[in-house]
$ cat start16.cif   # mmCIF, N, CA and C atoms
data_entry
loop_
_atom_site.label_atom_id
_atom_site.label_comp_id
_atom_site.auth_asym_id
_atom_site.auth_seq_id
_atom_site.Cartn_x
_atom_site.Cartn_y
_atom_site.Cartn_z
N MET A 1 144.75 -44.87 33.85
CA MET A 1 143.32 -44.75 33.89
C MET A 1 142.90 -43.49 34.66
N LYS A 2 143.59 -43.26 35.78
CA LYS A 2 143.29 -42.11 36.60
C LYS A 2 143.57 -40.82 35.85
N TYR A 3 144.64 -40.79 35.07
CA TYR A 3 145.00 -39.60 34.29
C TYR A 3 143.99 -39.35 33.16
N CYS A 4 143.51 -40.40 32.56
CA CYS A 4 142.51 -40.26 31.50
C CYS A 4 141.21 -39.67 32.06
N LEU A 5 140.82 -40.12 33.23
CA LEU A 5 139.61 -39.60 33.86
C LEU A 5 139.77 -38.12 34.22
N LEU A 6 140.92 -37.75 34.74
CA LEU A 6 141.18 -36.36 35.07
C LEU A 6 141.21 -35.49 33.80
N LEU A 7 141.82 -36.01 32.76
CA LEU A 7 141.86 -35.28 31.49
C LEU A 7 140.46 -35.09 30.94
N LEU A 8 139.64 -36.12 31.01
CA LEU A 8 138.26 -36.03 30.55
C LEU A 8 137.47 -35.01 31.36
N LEU A 9 137.62 -35.01 32.66
CA LEU A 9 136.93 -34.05 33.51
C LEU A 9 137.40 -32.62 33.25
N PHE A 10 138.65 -32.46 32.86
CA PHE A 10 139.19 -31.14 32.56
C PHE A 10 138.68 -30.63 31.20
N LEU A 11 138.59 -31.50 30.20
CA LEU A 11 138.21 -31.09 28.86
C LEU A 11 136.70 -31.00 28.65
N LEU A 12 135.92 -31.69 29.44
CA LEU A 12 134.48 -31.71 29.27
C LEU A 12 133.84 -30.32 29.40
N PRO A 13 134.17 -29.51 30.39
CA PRO A 13 133.56 -28.17 30.48
C PRO A 13 133.92 -27.28 29.28
N MET A 14 135.12 -27.41 28.73
CA MET A 14 135.52 -26.61 27.59
C MET A 14 134.69 -26.99 26.36
N TYR A 15 134.38 -28.25 26.17
CA TYR A 15 133.59 -28.70 25.03
C TYR A 15 132.16 -28.20 25.13
N SER A 16 131.57 -28.27 26.29
CA SER A 16 130.18 -27.84 26.43
C SER A 16 130.05 -26.33 26.31
N ALA A 17 131.07 -25.57 26.67
CA ALA A 17 131.01 -24.11 26.55
C ALA A 17 131.12 -23.68 25.09
N ALA A 18 131.73 -24.50 24.26
CA ALA A 18 131.92 -24.14 22.86
C ALA A 18 130.71 -24.50 22.00
N GLU A 19 129.75 -25.23 22.53
CA GLU A 19 128.57 -25.61 21.74
C GLU A 19 127.71 -24.39 21.44
N PRO A 20 127.19 -24.31 20.21
CA PRO A 20 126.30 -23.18 19.90
C PRO A 20 124.96 -23.33 20.62
N VAL A 21 124.32 -22.20 20.83
CA VAL A 21 123.03 -22.20 21.50
C VAL A 21 121.95 -22.35 20.43
N PHE A 22 121.12 -23.37 20.54
CA PHE A 22 120.05 -23.62 19.58
C PHE A 22 118.72 -23.16 20.15
N ARG A 23 117.83 -22.73 19.24
CA ARG A 23 116.50 -22.33 19.63
C ARG A 23 115.67 -23.58 19.91
N ASP A 24 114.83 -23.53 20.92
CA ASP A 24 113.96 -24.65 21.27
C ASP A 24 112.90 -24.80 20.19
N PRO A 25 112.86 -25.93 19.46
CA PRO A 25 111.90 -26.08 18.37
C PRO A 25 110.45 -26.17 18.82
N THR A 26 110.22 -26.38 20.10
CA THR A 26 108.84 -26.46 20.59
C THR A 26 108.25 -25.09 20.92
N GLN A 27 109.11 -24.06 20.93
CA GLN A 27 108.64 -22.71 21.22
C GLN A 27 108.22 -22.03 19.93
N PRO A 28 107.20 -21.17 19.97
CA PRO A 28 106.76 -20.48 18.75
C PRO A 28 107.82 -19.48 18.28
N LEU A 29 107.84 -19.26 16.98
CA LEU A 29 108.75 -18.27 16.42
C LEU A 29 108.32 -16.88 16.84
N VAL A 30 109.27 -16.03 17.07
CA VAL A 30 108.96 -14.65 17.39
C VAL A 30 109.02 -13.89 16.08
N LEU A 31 107.86 -13.44 15.62
CA LEU A 31 107.78 -12.72 14.36
C LEU A 31 107.96 -11.24 14.62
N PRO A 32 108.53 -10.52 13.64
CA PRO A 32 108.71 -9.08 13.84
C PRO A 32 107.37 -8.37 13.91
N ASP A 33 107.35 -7.29 14.64
CA ASP A 33 106.14 -6.49 14.79
C ASP A 33 105.76 -5.88 13.45
N LYS A 34 104.45 -5.85 13.13
CA LYS A 34 104.00 -5.32 11.85
C LYS A 34 104.26 -3.83 11.71
N THR A 35 104.56 -3.16 12.78
CA THR A 35 104.85 -1.73 12.71
C THR A 35 106.36 -1.50 12.66
N SER A 36 107.08 -2.44 12.09
CA SER A 36 108.53 -2.30 12.01
C SER A 36 108.90 -1.24 10.97
N GLU A 37 110.18 -0.98 10.83
CA GLU A 37 110.65 0.04 9.90
C GLU A 37 110.32 -0.32 8.45
N LYS A 38 110.12 -1.59 8.14
CA LYS A 38 109.84 -2.00 6.76
C LYS A 38 108.55 -1.37 6.25
N THR A 39 107.58 -1.20 7.12
CA THR A 39 106.28 -0.69 6.68
C THR A 39 106.26 0.82 6.57
N GLN A 40 107.28 1.51 7.03
CA GLN A 40 107.33 2.95 6.94
C GLN A 40 107.92 3.35 5.59
N GLY A 41 107.62 4.56 5.15
CA GLY A 41 108.12 5.03 3.87
C GLY A 41 107.11 4.76 2.77
N PRO A 42 107.53 4.96 1.52
CA PRO A 42 106.60 4.79 0.41
C PRO A 42 106.18 3.33 0.25
N LEU A 43 104.94 3.13 -0.16
CA LEU A 43 104.43 1.78 -0.35
C LEU A 43 104.94 1.22 -1.67
N ALA A 44 105.35 -0.04 -1.65
CA ALA A 44 105.84 -0.71 -2.86
C ALA A 44 105.15 -2.05 -2.98
N LEU A 45 104.47 -2.26 -4.09
CA LEU A 45 103.82 -3.54 -4.39
C LEU A 45 104.90 -4.49 -4.91
N GLN A 46 105.09 -5.62 -4.22
CA GLN A 46 106.17 -6.53 -4.56
C GLN A 46 105.70 -7.78 -5.28
N ALA A 47 104.50 -8.27 -4.97
CA ALA A 47 104.00 -9.49 -5.60
C ALA A 47 102.49 -9.57 -5.45
N ILE A 48 101.87 -10.31 -6.37
CA ILE A 48 100.43 -10.57 -6.31
C ILE A 48 100.23 -12.06 -6.56
N PHE A 49 99.41 -12.69 -5.71
CA PHE A 49 99.06 -14.11 -5.87
C PHE A 49 97.55 -14.20 -6.00
N ILE A 50 97.09 -14.80 -7.09
CA ILE A 50 95.66 -14.94 -7.32
C ILE A 50 95.37 -16.41 -7.59
N SER A 51 94.44 -16.98 -6.81
CA SER A 51 93.97 -18.34 -7.05
C SER A 51 92.45 -18.28 -7.16
N SER A 52 91.83 -19.43 -7.32
CA SER A 52 90.38 -19.45 -7.49
C SER A 52 89.63 -18.97 -6.24
N ASN A 53 90.24 -19.10 -5.06
CA ASN A 53 89.54 -18.71 -3.83
C ASN A 53 90.30 -17.70 -2.97
N ARG A 54 91.40 -17.15 -3.49
CA ARG A 54 92.19 -16.25 -2.65
C ARG A 54 92.95 -15.24 -3.50
N ARG A 55 93.05 -14.02 -3.00
CA ARG A 55 93.87 -12.98 -3.62
C ARG A 55 94.74 -12.38 -2.53
N ILE A 56 96.04 -12.39 -2.75
CA ILE A 56 96.99 -11.88 -1.77
C ILE A 56 97.97 -10.95 -2.47
N ALA A 57 98.29 -9.84 -1.81
CA ALA A 57 99.30 -8.91 -2.31
C ALA A 57 100.39 -8.76 -1.25
N ILE A 58 101.61 -8.63 -1.71
CA ILE A 58 102.72 -8.34 -0.79
C ILE A 58 103.13 -6.89 -1.02
N ILE A 59 102.93 -6.09 0.02
CA ILE A 59 103.27 -4.67 -0.02
C ILE A 59 104.22 -4.41 1.14
N ASN A 60 105.39 -3.87 0.83
CA ASN A 60 106.41 -3.59 1.85
C ASN A 60 106.66 -4.81 2.74
N ASP A 61 106.81 -5.97 2.14
CA ASP A 61 107.12 -7.23 2.83
C ASP A 61 106.00 -7.74 3.73
N GLU A 62 104.78 -7.25 3.56
CA GLU A 62 103.64 -7.74 4.34
C GLU A 62 102.63 -8.42 3.43
N LEU A 63 102.15 -9.61 3.84
CA LEU A 63 101.10 -10.30 3.12
C LEU A 63 99.77 -9.67 3.49
N LEU A 64 99.02 -9.22 2.48
CA LEU A 64 97.75 -8.54 2.72
C LEU A 64 96.66 -9.14 1.84
N LYS A 65 95.44 -9.19 2.40
CA LYS A 65 94.27 -9.59 1.62
C LYS A 65 93.31 -8.41 1.62
N ILE A 66 92.28 -8.49 0.81
CA ILE A 66 91.33 -7.39 0.72
C ILE A 66 90.73 -7.11 2.10
N GLY A 67 90.74 -5.85 2.49
CA GLY A 67 90.24 -5.44 3.80
C GLY A 67 91.35 -5.16 4.80
N ASP A 68 92.56 -5.66 4.56
CA ASP A 68 93.68 -5.40 5.47
C ASP A 68 94.17 -3.96 5.30
N GLU A 69 94.86 -3.47 6.33
CA GLU A 69 95.37 -2.11 6.31
C GLU A 69 96.88 -2.09 6.40
N ILE A 70 97.46 -1.11 5.72
CA ILE A 70 98.89 -0.84 5.81
C ILE A 70 99.07 0.67 5.77
N GLN A 71 99.77 1.21 6.73
CA GLN A 71 99.99 2.66 6.87
C GLN A 71 98.68 3.44 6.75
N ALA A 72 97.68 3.00 7.48
CA ALA A 72 96.36 3.65 7.54
C ALA A 72 95.65 3.68 6.19
N GLN A 73 96.02 2.78 5.28
CA GLN A 73 95.35 2.67 4.00
C GLN A 73 94.78 1.26 3.90
N ARG A 74 93.51 1.16 3.49
CA ARG A 74 92.84 -0.14 3.42
C ARG A 74 92.90 -0.67 2.00
N LEU A 75 93.28 -1.94 1.87
CA LEU A 75 93.35 -2.60 0.57
C LEU A 75 91.94 -2.95 0.13
N ILE A 76 91.50 -2.40 -1.02
CA ILE A 76 90.12 -2.63 -1.45
C ILE A 76 90.02 -3.49 -2.71
N ALA A 77 91.11 -3.65 -3.47
CA ALA A 77 91.06 -4.48 -4.68
C ALA A 77 92.44 -5.02 -5.01
N ILE A 78 92.46 -6.26 -5.49
CA ILE A 78 93.70 -6.89 -5.96
C ILE A 78 93.43 -7.41 -7.36
N GLU A 79 94.15 -6.90 -8.32
CA GLU A 79 94.03 -7.33 -9.72
C GLU A 79 95.34 -8.00 -10.14
N SER A 80 95.43 -8.42 -11.39
CA SER A 80 96.59 -9.21 -11.83
C SER A 80 97.90 -8.43 -11.81
N ASN A 81 97.86 -7.11 -12.04
CA ASN A 81 99.12 -6.36 -12.01
C ASN A 81 99.05 -5.06 -11.21
N PHE A 82 97.99 -4.86 -10.44
CA PHE A 82 97.90 -3.67 -9.60
C PHE A 82 96.95 -3.93 -8.43
N VAL A 83 97.06 -3.07 -7.41
CA VAL A 83 96.15 -3.10 -6.26
C VAL A 83 95.61 -1.69 -6.06
N ILE A 84 94.45 -1.61 -5.41
CA ILE A 84 93.85 -0.31 -5.10
C ILE A 84 93.71 -0.21 -3.58
N LEU A 85 94.21 0.89 -3.04
CA LEU A 85 94.13 1.19 -1.62
C LEU A 85 93.21 2.38 -1.41
N ASP A 86 92.51 2.39 -0.28
CA ASP A 86 91.66 3.51 0.09
C ASP A 86 92.37 4.29 1.19
N ASN A 87 92.72 5.54 0.88
CA ASN A 87 93.41 6.41 1.84
C ASN A 87 92.46 7.55 2.20
N ALA A 88 91.62 7.32 3.20
CA ALA A 88 90.66 8.32 3.68
C ALA A 88 89.78 8.83 2.53
N GLY A 89 89.25 7.91 1.73
CA GLY A 89 88.36 8.27 0.64
C GLY A 89 89.06 8.47 -0.69
N GLU A 90 90.36 8.62 -0.69
CA GLU A 90 91.13 8.80 -1.92
C GLU A 90 91.68 7.44 -2.36
N LYS A 91 91.49 7.09 -3.62
CA LYS A 91 91.98 5.81 -4.12
C LYS A 91 93.42 5.94 -4.58
N VAL A 92 94.25 5.01 -4.11
CA VAL A 92 95.66 4.97 -4.47
C VAL A 92 95.90 3.66 -5.21
N VAL A 93 96.51 3.74 -6.39
CA VAL A 93 96.78 2.55 -7.19
C VAL A 93 98.28 2.27 -7.16
N LEU A 94 98.63 1.04 -6.79
CA LEU A 94 100.03 0.60 -6.84
C LEU A 94 100.15 -0.44 -7.93
N TYR A 95 101.09 -0.24 -8.83
CA TYR A 95 101.31 -1.17 -9.93
C TYR A 95 102.45 -2.13 -9.59
N LEU A 96 102.32 -3.34 -10.09
CA LEU A 96 103.35 -4.34 -9.85
C LEU A 96 104.65 -3.98 -10.56
N VAL A 97 104.54 -3.52 -11.79
CA VAL A 97 105.72 -3.11 -12.56
C VAL A 97 105.48 -1.67 -13.00
N MET A 98 106.31 -0.77 -12.52
CA MET A 98 106.12 0.64 -12.82
C MET A 98 106.73 1.05 -14.16
N GLN A 99 107.73 0.32 -14.62
CA GLN A 99 108.37 0.66 -15.88
C GLN A 99 108.57 -0.60 -16.70
N PRO A 100 108.79 -0.45 -17.98
CA PRO A 100 108.97 -1.65 -18.81
C PRO A 100 110.16 -2.48 -18.34
N VAL A 101 109.98 -3.77 -18.38
CA VAL A 101 111.06 -4.66 -17.95
C VAL A 101 112.14 -4.72 -19.01
N LYS A 102 111.73 -4.75 -20.28
CA LYS A 102 112.69 -4.82 -21.37
C LYS A 102 112.59 -3.56 -22.21
N LYS A 103 113.72 -3.12 -22.70
CA LYS A 103 113.75 -2.00 -23.62
C LYS A 103 113.86 -2.55 -25.03
N PRO A 104 113.28 -1.89 -26.02
CA PRO A 104 113.40 -2.38 -27.39
C PRO A 104 114.86 -2.37 -27.84
N LEU A 105 115.21 -3.36 -28.62
CA LEU A 105 116.56 -3.44 -29.15
C LEU A 105 116.62 -2.72 -30.49
N ASN A 106 117.71 -2.03 -30.73
CA ASN A 106 117.95 -1.42 -32.02
C ASN A 106 118.76 -2.43 -32.84
N VAL A 107 118.06 -3.17 -33.68
CA VAL A 107 118.71 -4.21 -34.47
C VAL A 107 118.98 -3.67 -35.87
N THR A 108 120.21 -3.73 -36.26
CA THR A 108 120.59 -3.34 -37.61
C THR A 108 121.28 -4.50 -38.28
N ASN A 109 121.31 -4.48 -39.57
CA ASN A 109 121.97 -5.56 -40.33
C ASN A 109 123.41 -5.22 -40.65
N GLU A 110 123.94 -4.19 -40.06
CA GLU A 110 125.34 -3.84 -40.29
C GLU A 110 126.23 -4.95 -39.74
N GLY A 111 127.24 -5.27 -40.47
CA GLY A 111 128.15 -6.29 -39.99
C GLY A 111 127.78 -7.68 -40.44
N ASN A 112 126.60 -7.87 -41.04
CA ASN A 112 126.22 -9.18 -41.56
C ASN A 112 126.59 -9.23 -43.04
N ASN A 113 127.65 -9.90 -43.32
CA ASN A 113 128.15 -9.99 -44.70
C ASN A 113 127.82 -11.32 -45.33
N GLN A 114 126.69 -11.81 -45.12
CA GLN A 114 126.35 -13.12 -45.67
C GLN A 114 125.44 -13.01 -46.83
#

$ encode --input "start16.cif" --output "structure tokens"
Amino acid sequence: MKYCLLLLLFLLPMYSAAEPVFRDPTQPLVLPDKTSEKTQGPLALQAIFISSNRRIAIINDELLKIGDEIQAQRLIAIESNFVILDNAGEKVVLYLVMQPVKKPLNVTNEGNNQ
């Protein structure tokens, strides 16, 4: 019995040191700063969400609504496939899809011997 207790006291600190450190769920999440490297560089429209009472665009991984700013440009319109930004009086249009998603197929009947 004495040896079991000593063994337990010896192994207990090793077990507790191997446990992973968990984040306290009662603490708020630390979100990245909006001026992170993601917002630098060319603007890219990634998604548009439109509902009956809300319009949201995701540009460079940031959720934006009309009136929000990104890289000193103010979002002034959100449409189904593009957004309009105001850059010091100059309007900038970002499209959701810049190029065709599908290319036309060249279908020929060669090889069909039926």

$ atom_distance --input "start16.cif" --atom1 "atom N of Asp61 in chain A" --atom2 "atom N of Gln27 in chain A"
26.2 Å

$ atom_distance --input "start16.cif" --atom1 "CA of Lys91 in chain A" --atom2 "CA of Leu45 in chain A"
15.1 Å

$ atom_distance --input "start16.cif" --atom1 "CA of Leu43 in chain A" --atom2 "CA of Pro28 in chain A"
29.4 Å

$ closest_residue --input "start16.cif" --among "A:Ile50, A:Ala44, A:Leu63, A:Leu5" --to "Val93 in chain A" --atoms "only C-alpha atoms"
A:Ala44

$ resolve_selection --input "start16.cif" --expression "the PyMOL selection byres ((chain A and resi 65) around 6)" --output "PDB file with N, CA and C atoms, in the coordinates of the input"
ATOM      1  N   ARG A  55      93.050 -14.020  -3.000  1.00  0.00           N
ATOM      2  CA  ARG A  55      93.870 -12.980  -3.620  1.00  0.00           C
ATOM      3  C   ARG A  55      94.740 -12.380  -2.530  1.00  0.00           C
ATOM      4  N   ILE A  56      96.040 -12.390  -2.750  1.00  0.00           N
ATOM      5  CA  ILE A  56      96.990 -11.880  -1.770  1.00  0.00           C
ATOM      6  C   ILE A  56      97.970 -10.950  -2.470  1.00  0.00           C
ATOM      7  N   ALA A  57      98.290  -9.840  -1.810  1.00  0.00           N
ATOM      8  CA  ALA A  57      99.300  -8.910  -2.310  1.00  0.00           C
ATOM      9  C   ALA A  57     100.390  -8.760  -1.250  1.00  0.00           C
ATOM     10  N   LEU A  63     102.150  -9.610   3.840  1.00  0.00           N
ATOM     11  CA  LEU A  63     101.100 -10.300   3.120  1.00  0.00           C
ATOM     12  C   LEU A  63      99.770  -9.670   3.490  1.00  0.00           C
ATOM     13  N   LEU A  64      99.020  -9.220   2.480  1.00  0.00           N
ATOM     14  CA  LEU A  64      97.750  -8.540   2.720  1.00  0.00           C
ATOM     15  C   LEU A  64      96.660  -9.140   1.840  1.00  0.00           C
ATOM     16  N   ILE A  66      92.280  -8.490   0.810  1.00  0.00           N
ATOM     17  CA  ILE A  66      91.330  -7.390   0.720  1.00  0.00           C
ATOM     18  C   ILE A  66      90.730  -7.110   2.100  1.00  0.00           C
ATOM     19  N   GLY A  67      90.740  -5.850   2.490  1.00  0.00           N
ATOM     20  CA  GLY A  67      90.240  -5.440   3.800  1.00  0.00           C
ATOM     21  C   GLY A  67      91.350  -5.160   4.800  1.00  0.00           C
ATOM     22  N   ASP A  68      92.560  -5.660   4.560  1.00  0.00           N
ATOM     23  CA  ASP A  68      93.680  -5.400   5.470  1.00  0.00           C
ATOM     24  C   ASP A  68      94.170  -3.960   5.300  1.00  0.00           C
ATOM     25  N   LEU A  75      93.280  -1.940   1.870  1.00  0.00           N
ATOM     26  CA  LEU A  75      93.350  -2.600   0.570  1.00  0.00           C
ATOM     27  C   LEU A  75      91.940  -2.950   0.130  1.00  0.00           C
TER      28      LEU A  75
END

$ resolve_selection --input "start16.cif" --expression "the PyMOL selection byres ((chain A and resi 82) around 6.5)" --output "JSON, numbers by chain"
{"A": [77, 78, 79, 80, 81, 83, 84, 93, 94, 95, 96]}

$ decode --input "start16.cif" --residues "range 56-85 of chain A" --atoms "N, CA and C atoms" --output "short mmCIF file (atom, residue, chain, number, x, y, z; two decimals), in the first residue's frame"
data_model
loop_
_atom_site.label_atom_id
_atom_site.label_comp_id
_atom_site.auth_asym_id
_atom_site.auth_seq_id
_atom_site.Cartn_x
_atom_site.Cartn_y
_atom_site.Cartn_z
N ILE A 56 -24.85 42.46 -46.95
CA ILE A 56 -23.49 42.32 -46.42
C ILE A 56 -22.57 41.86 -47.53
N ALA A 57 -21.37 42.42 -47.57
CA ALA A 57 -20.35 41.99 -48.52
C ALA A 57 -19.11 41.58 -47.74
N ILE A 58 -18.44 40.56 -48.23
CA ILE A 58 -17.16 40.15 -47.64
C ILE A 58 -16.06 40.56 -48.62
N ILE A 59 -15.23 41.49 -48.16
CA ILE A 59 -14.12 42.00 -48.95
C ILE A 59 -12.85 41.78 -48.14
N ASN A 60 -11.89 41.07 -48.72
CA ASN A 60 -10.63 40.77 -48.03
C ASN A 60 -10.87 40.19 -46.64
N ASP A 61 -11.78 39.25 -46.53
CA ASP A 61 -12.10 38.54 -45.28
C ASP A 61 -12.76 39.42 -44.22
N GLU A 62 -13.29 40.57 -44.60
CA GLU A 62 -14.00 41.43 -43.64
C GLU A 62 -15.47 41.54 -44.02
N LEU A 63 -16.36 41.39 -43.03
CA LEU A 63 -17.78 41.59 -43.24
C LEU A 63 -18.06 43.09 -43.23
N LEU A 64 -18.68 43.58 -44.30
CA LEU A 64 -18.95 45.01 -44.43
C LEU A 64 -20.40 45.25 -44.82
N LYS A 65 -20.97 46.33 -44.29
CA LYS A 65 -22.30 46.76 -44.70
C LYS A 65 -22.15 48.15 -45.30
N ILE A 66 -23.20 48.65 -45.92
CA ILE A 66 -23.14 49.96 -46.56
C ILE A 66 -22.75 51.01 -45.52
N GLY A 67 -21.77 51.82 -45.87
CA GLY A 67 -21.26 52.85 -44.97
C GLY A 67 -19.95 52.48 -44.30
N ASP A 68 -19.61 51.19 -44.27
CA ASP A 68 -18.34 50.76 -43.66
C ASP A 68 -17.18 51.12 -44.59
N GLU A 69 -15.98 51.19 -44.00
CA GLU A 69 -14.80 51.53 -44.76
C GLU A 69 -13.78 50.41 -44.73
N ILE A 70 -13.07 50.28 -45.85
CA ILE A 70 -11.94 49.35 -45.95
C ILE A 70 -10.88 50.03 -46.79
N GLN A 71 -9.68 50.09 -46.29
CA GLN A 71 -8.54 50.76 -46.96
C GLN A 71 -8.92 52.16 -47.43
N ALA A 72 -9.54 52.93 -46.56
CA ALA A 72 -9.93 54.32 -46.82
C ALA A 72 -10.93 54.46 -47.96
N GLN A 73 -11.66 53.39 -48.25
CA GLN A 73 -12.71 53.43 -49.26
C GLN A 73 -14.03 53.06 -48.58
N ARG A 74 -15.07 53.85 -48.84
CA ARG A 74 -16.36 53.63 -48.18
C ARG A 74 -17.27 52.84 -49.10
N LEU A 75 -17.90 51.81 -48.54
CA LEU A 75 -18.84 50.97 -49.29
C LEU A 75 -20.15 51.73 -49.43
N ILE A 76 -20.56 52.00 -50.69
CA ILE A 76 -21.77 52.81 -50.89
C ILE A 76 -22.93 52.01 -51.50
N ALA A 77 -22.65 50.83 -52.09
CA ALA A 77 -23.74 50.02 -52.66
C ALA A 77 -23.35 48.56 -52.70
N ILE A 78 -24.34 47.70 -52.44
CA ILE A 78 -24.16 46.25 -52.53
C ILE A 78 -25.26 45.72 -53.44
N GLU A 79 -24.89 45.14 -54.54
CA GLU A 79 -25.83 44.54 -55.48
C GLU A 79 -25.61 43.03 -55.52
N SER A 80 -26.36 42.33 -56.36
CA SER A 80 -26.32 40.86 -56.34
C SER A 80 -24.98 40.28 -56.77
N ASN A 81 -24.24 40.97 -57.67
CA ASN A 81 -22.95 40.41 -58.08
C ASN A 81 -21.82 41.44 -58.10
N PHE A 82 -22.04 42.62 -57.53
CA PHE A 82 -20.97 43.61 -57.44
C PHE A 82 -21.24 44.57 -56.29
N VAL A 83 -20.18 45.29 -55.89
CA VAL A 83 -20.29 46.35 -54.88
C VAL A 83 -19.64 47.60 -55.44
N ILE A 84 -20.05 48.75 -54.91
CA ILE A 84 -19.46 50.02 -55.32
C ILE A 84 -18.84 50.68 -54.09
N LEU A 85 -17.58 51.07 -54.24
CA LEU A 85 -16.84 51.75 -53.19
C LEU A 85 -16.56 53.18 -53.62
#
